[in-house]
$ cat model-v1.txt   # compact mmCIF, C-alpha atoms
# COMPACT_ATOMS: atom_id res chain seq x y z
CA MET A 1 30.01 -100.37 -41.63
CA THR A 2 27.25 -100.27 -44.23
CA ASP A 3 23.94 -98.52 -43.61
CA ALA A 4 22.21 -101.91 -43.52
CA THR A 5 24.62 -103.32 -40.94
CA ALA A 6 24.26 -100.18 -38.83
CA PHE A 7 20.46 -100.51 -39.01
CA LEU A 8 20.68 -104.15 -37.96
CA ARG A 9 22.83 -103.40 -34.93
CA ALA A 10 20.80 -100.37 -33.89
CA ASN A 11 17.48 -102.21 -33.94
CA THR A 12 18.34 -105.67 -32.61
CA ALA A 13 20.07 -107.29 -29.67
CA ILE A 14 21.93 -110.59 -29.49
CA ASP A 15 19.61 -113.21 -28.04
CA ARG A 16 18.92 -116.94 -28.21
CA PRO A 17 15.62 -118.53 -29.35
CA GLY A 18 13.74 -120.37 -26.61
CA LEU A 19 13.78 -123.76 -28.33
CA VAL A 20 17.33 -123.43 -29.72
CA PRO A 21 19.55 -121.82 -27.06
CA GLU A 22 22.66 -123.16 -28.78
CA ILE A 23 22.35 -120.49 -31.49
CA ALA A 24 22.76 -116.74 -31.01
CA LEU A 25 20.95 -114.33 -33.32
CA HIS A 26 20.47 -110.63 -33.87
CA LEU A 27 16.82 -110.35 -32.82
CA ALA A 28 14.35 -107.55 -32.21
CA THR A 29 13.43 -107.25 -28.54
CA GLU A 30 10.09 -105.62 -29.35
CA ILE A 31 8.05 -105.74 -32.53
CA THR A 32 6.69 -102.18 -32.71
CA PRO A 33 9.94 -100.15 -32.63
CA ILE A 34 11.67 -102.19 -35.36
CA TRP A 35 8.50 -102.27 -37.46
CA GLN A 36 8.27 -98.48 -37.30
CA ALA A 37 11.97 -98.11 -37.99
CA THR A 38 11.71 -100.42 -40.97
CA GLU A 39 8.79 -98.45 -42.38
CA THR A 40 11.11 -95.44 -42.56
CA TRP A 41 13.87 -97.61 -44.05
CA LEU A 42 11.35 -99.08 -46.50
CA ALA A 43 10.47 -95.64 -47.83
CA GLU A 44 14.15 -94.97 -48.48
CA HIS A 45 15.41 -98.39 -49.61
CA ASN A 46 12.35 -100.33 -50.87
CA ILE A 47 12.66 -103.37 -48.62
CA PRO A 48 10.03 -105.62 -46.96
CA PRO A 49 9.04 -105.55 -43.26
CA PRO A 50 11.56 -107.06 -40.79
CA PHE A 51 10.39 -110.68 -40.66
CA TRP A 52 14.07 -111.67 -40.40
CA ALA A 53 14.33 -110.05 -36.95
CA PHE A 54 12.28 -112.75 -35.19
CA ALA A 55 12.88 -116.45 -34.55
CA TRP A 56 9.60 -117.75 -35.98
CA PRO A 57 8.21 -121.05 -34.67
CA GLY A 58 8.79 -122.96 -37.92
CA SER A 59 12.48 -122.09 -38.08
CA GLN A 60 12.96 -122.93 -34.41
CA ALA A 61 11.40 -126.36 -34.90
CA LEU A 62 13.57 -127.07 -37.95
CA ALA A 63 16.73 -125.98 -36.15
CA ARG A 64 15.87 -128.08 -33.08
CA HIS A 65 15.26 -131.17 -35.19
CA VAL A 66 18.50 -130.72 -37.11
CA LEU A 67 20.61 -130.23 -33.99
CA ASP A 68 19.00 -133.24 -32.31
CA HIS A 69 19.44 -135.42 -35.42
CA PRO A 70 22.64 -134.18 -37.13
CA ALA A 71 23.01 -137.34 -39.21
CA LEU A 72 20.00 -136.19 -41.25
CA VAL A 73 22.00 -133.28 -42.68
CA ALA A 74 25.65 -134.26 -42.27
CA GLY A 75 27.47 -134.19 -45.59
CA LYS A 76 24.45 -132.85 -47.49
CA ARG A 77 23.92 -129.75 -49.61
CA VAL A 78 21.16 -127.82 -47.86
CA LEU A 79 18.94 -124.88 -48.79
CA ASP A 80 17.19 -122.84 -46.10
CA PHE A 81 14.36 -121.43 -48.22
CA ALA A 82 12.81 -118.10 -47.19
CA ALA A 83 15.44 -118.20 -44.49
CA GLY A 84 14.64 -115.07 -42.49
CA GLY A 85 17.62 -114.57 -40.20
CA GLY A 86 19.09 -117.95 -41.15
CA LEU A 87 18.35 -119.92 -37.97
CA ALA A 88 17.76 -123.27 -39.70
CA ALA A 89 20.74 -122.69 -41.99
CA ILE A 90 23.02 -122.10 -39.01
CA ALA A 91 21.78 -125.30 -37.37
CA CYS A 92 22.58 -127.25 -40.55
CA ALA A 93 26.08 -125.80 -40.71
CA GLN A 94 26.64 -126.72 -37.06
CA ALA A 95 25.34 -130.24 -37.75
CA GLY A 96 27.95 -130.85 -40.45
CA ALA A 97 26.19 -130.11 -43.73
CA ALA A 98 28.61 -130.11 -46.66
CA ALA A 99 27.27 -126.77 -47.95
CA VAL A 100 24.48 -124.50 -46.76
CA GLU A 101 22.65 -121.85 -48.78
CA ALA A 102 20.10 -119.42 -47.36
CA ALA A 103 17.61 -117.96 -49.86
CA GLU A 104 15.92 -114.62 -49.23
CA ILE A 105 14.37 -111.91 -51.40
CA ASP A 106 14.86 -109.27 -48.67
CA PRO A 107 18.31 -107.60 -48.91
CA LEU A 108 18.24 -106.69 -45.23
CA ALA A 109 17.57 -110.33 -44.33
CA LEU A 110 20.72 -111.26 -46.25
CA VAL A 111 22.67 -108.81 -44.08
CA ALA A 112 21.14 -110.43 -40.99
CA ILE A 113 22.01 -113.93 -42.25
CA ALA A 114 25.64 -112.93 -42.78
CA ALA A 115 25.81 -111.31 -39.33
CA ASN A 116 24.17 -114.30 -37.65
CA ALA A 117 26.47 -116.75 -39.44
CA ALA A 118 29.50 -114.77 -38.27
CA LEU A 119 28.10 -114.65 -34.74
CA ASN A 120 27.97 -118.46 -34.71
CA ALA A 121 31.24 -118.97 -36.63
CA VAL A 122 29.70 -120.91 -39.52
CA GLN A 123 29.80 -120.55 -43.31
CA ILE A 124 26.55 -119.90 -45.17
CA SER A 125 26.18 -118.85 -48.80
CA ALA A 126 23.47 -116.40 -49.78
CA ALA A 127 21.10 -117.44 -52.57
CA VAL A 128 20.08 -113.93 -53.56
CA GLY A 129 16.60 -113.28 -54.90
CA ASP A 130 13.75 -115.63 -55.71
CA VAL A 131 15.11 -119.15 -56.24
CA VAL A 132 11.70 -120.54 -57.20
CA GLY A 133 12.12 -122.05 -60.64
CA SER A 134 15.78 -122.91 -60.14
CA ALA A 135 17.06 -126.36 -61.02
CA CYS A 136 17.71 -128.53 -57.99
CA ARG A 137 21.28 -128.35 -56.67
CA TRP A 138 20.47 -129.47 -53.10
CA ASP A 139 19.96 -132.70 -51.20
CA LEU A 140 17.68 -131.14 -48.59
CA ILE A 141 15.42 -128.06 -48.70
CA LEU A 142 14.09 -126.60 -45.44
CA CYS A 143 11.06 -124.31 -45.40
CA GLY A 144 10.03 -122.69 -42.14
CA ASP A 145 6.52 -121.24 -41.90
CA VAL A 146 6.00 -120.44 -45.59
CA CYS A 147 2.27 -121.11 -46.00
CA TYR A 148 0.88 -117.99 -44.32
CA GLU A 149 -0.52 -116.34 -47.48
CA ALA A 150 -2.37 -117.81 -50.46
CA PRO A 151 -0.24 -116.08 -53.14
CA MET A 152 3.01 -117.16 -51.47
CA THR A 153 1.83 -120.76 -51.17
CA ALA A 154 0.62 -120.86 -54.78
CA HIS A 155 3.95 -119.46 -55.96
CA ILE A 156 6.24 -121.83 -54.08
CA LEU A 157 4.36 -125.12 -53.70
CA PRO A 158 4.54 -126.42 -57.30
CA TRP A 159 8.31 -125.78 -57.30
CA LEU A 160 8.80 -127.47 -53.94
CA GLN A 161 6.81 -130.45 -55.17
CA SER A 162 9.03 -130.67 -58.23
CA MET A 163 12.15 -130.42 -56.03
CA ALA A 164 10.90 -133.41 -54.01
CA ALA A 165 11.61 -135.64 -57.02
CA THR A 166 15.36 -135.37 -56.36
CA ALA A 167 15.73 -133.80 -52.89
CA GLU A 168 14.14 -134.11 -49.49
CA VAL A 169 11.84 -131.15 -48.84
CA TRP A 170 10.75 -130.32 -45.29
CA ILE A 171 8.07 -127.80 -44.38
CA ALA A 172 7.69 -126.64 -40.78
CA ASP A 173 4.23 -125.25 -40.11
CA PRO A 174 2.58 -123.93 -36.92
CA GLY A 175 -0.98 -124.24 -38.19
CA ARG A 176 -1.09 -121.61 -40.91
CA THR A 177 -4.22 -121.45 -43.03
CA TYR A 178 -2.72 -122.31 -46.40
CA LEU A 179 -0.72 -125.41 -45.58
CA PRO A 180 -1.83 -128.00 -48.18
CA ARG A 181 -3.87 -130.92 -46.87
CA ALA A 182 -2.43 -133.52 -49.23
CA GLY A 183 1.02 -134.58 -50.31
CA LEU A 184 2.69 -134.07 -46.93
CA GLU A 185 3.98 -136.66 -44.46
CA GLU A 186 4.37 -135.47 -40.86
CA PHE A 187 7.53 -136.82 -39.18
CA ALA A 188 7.97 -134.68 -36.04
CA ARG A 189 6.15 -132.19 -33.83
CA TYR A 190 7.43 -129.52 -31.45
CA ARG A 191 5.91 -127.12 -28.95
CA VAL A 192 7.66 -123.79 -29.55
CA PRO A 193 7.59 -120.85 -27.12
CA THR A 194 6.54 -117.63 -28.80
CA SER A 195 5.35 -114.10 -27.99
CA LEU A 196 1.90 -112.55 -27.88
CA GLU A 197 3.36 -109.75 -29.98
CA LEU A 198 3.92 -112.22 -32.84
CA GLU A 199 1.26 -114.87 -32.26
CA ASP A 200 -2.10 -115.21 -30.55
CA ARG A 201 -0.70 -117.58 -27.90
CA LEU A 202 2.45 -118.19 -25.84
CA THR A 203 3.32 -121.49 -27.54
CA ARG A 204 2.78 -122.93 -30.99
CA GLU A 205 2.53 -126.56 -32.01
CA VAL A 206 4.75 -126.92 -35.07
CA GLY A 207 4.55 -129.94 -37.35
CA LEU A 208 7.46 -130.95 -39.54
CA TYR A 209 6.30 -132.37 -42.85
CA ARG A 210 8.11 -134.08 -45.72
CA VAL A 211 6.82 -133.24 -49.20
CA ALA A 212 5.94 -136.56 -50.78
CA ARG A 213 7.59 -137.60 -54.01
CA ARG A 214 5.20 -137.94 -56.88
$ encode --input "model-v1.txt" --output "structure tokens"
Amino acid sequence: MTDATAFLRANTAIDRPGLVPEIALHLATEITPIWQATETWLAEHNIPPPFWAFAWPGSQALARHVLDHPALVAGKRVLDFAAGGGLAAIACAQAGAAAVEAAEIDPLALVAIAANAALNAVQISAAVGDVVGSACRWDLILCGDVCYEAPMTAHILPWLQSMAATAEVWIADPGRTYLPRAGLEEFARYRVPTSLELEDRLTREVGLYRVARR
């Protein structure tokens, strides 16, 4: 067992997101202990905070939509962008996608994605590092809750808009500040249960948006 896998197992428990009980994930049961543990890990291994350890509202909404409408992904090449623990990617694999990639810049998130894929008996490929700027090799790109910071949005949005010329691009957003006001077409909405540890309310309204082709 690698150090990263041991860290994952020591600081998470197997649980199921409220909106997507079909999928099991290695999740943190409380935010503070894993955040503190990751700060120690960060000092030793130079990794980001443990965003992968939580089933964020955007990913839950994407996964729910995919499982309820499997024909939308069946036979397609899918990218779960900024995948966290890979919830949306797992849903796509279960729905019959031809190939599923999960992109993450956090090496510990990649360990979580592999563990979660194994837990659900699906195959997911890791797209290691920052895929922004890559040529399009997908039919569908899923983005869960990616517009929470201005620099992040500015970095990814032009690329996602360019990808929309040849692929479908979905953004799931629970009302973050930096979601663009133009160039998006809403096609679904979900009420997602969440935690007061992560959000300022017990549920979040999540819109699913398609990036318009230019």
$ residues_around --input "model-v1.txt" --residues "Ile156 (chain A)" --least-positions-apart "6" --cutoff "10 Å" --atoms "only C-alpha atoms" --output "PyMOL selection string"
chain A and resi 130-133+146-147
$ residues_around --input "model-v1.txt" --residues "Val78 (chain A)" --least-positions-apart "3" --cutoff "9 Å" --atoms "all atoms listed in the file" --output "list in words"
Val73, Ala89, Cys92, Ala93, Ala97, Ala98, Ala99, Val100, Glu101, Ala102, Arg137, Trp138, Asp139, Leu140, Ile141 and Leu142 of chain A
$ residues_around --input "model-v1.txt" --residues "region 114-116 of chain A" --least-positions-apart "2" --cutoff "9 Å" --atoms "all atoms listed in the file" --output "list in words"
Thr5, Leu8, Ile23, Ala24, Leu25, His26, Gly85, Gly86, Leu87, Ile90, Ala109, Leu110, Val111, Ala112, Ala118, Leu119, Asn120, Ala121, Val122, Gln123, Ile124, Ser125 and Ala126 of chain A
$ closest_residue --input "model-v1.txt" --among "A:Arg201, A:Asn11, A:Cys136, A:Thr177" --to "Ser162 (chain A)" --atoms "all atoms listed in the file"
A:Cys136
$ atom_distance --input "model-v1.txt" --atom1 "CA of Arg77 (chain A)" --atom2 "CA of Gly183 (chain A)"
23.4 Å
$ residues_around --input "model-v1.txt" --residues "Glu185 (chain A)" --least-positions-apart "5" --cutoff "10 Å" --atoms "all atoms listed in the file" --output "PyMOL selection string"
chain A and resi 170-171+207-212
$ atom_distance --input "model-v1.txt" --atom1 "CA of Thr12 (chain A)" --atom2 "CA of Thr153 (chain A)"
29.1 Å
$ atom_distance --input "model-v1.txt" --atom1 "CA of Glu104 (chain A)" --atom2 "CA of Leu27 (chain A)"
17.0 Å
$ closest_residue --input "model-v1.txt" --among "A:Gln94, A:Gln60, A:Gln161, A:Thr166" --to "Pro193 (chain A)" --atoms "all atoms listed in the file"
A:Gln60
$ closest_residue --input "model-v1.txt" --among "A:Arg214, A:Glu199, A:Arg189, A:Phe54" --to "Ala165 (chain A)" --atoms "only C-alpha atoms"
A:Arg214
$ closest_residue --input "model-v1.txt" --among "A:Ala82, A:Ala4, A:Val128, A:Ala91" --to "Leu108 (chain A)" --atoms "all atoms listed in the file"
A:Ala4
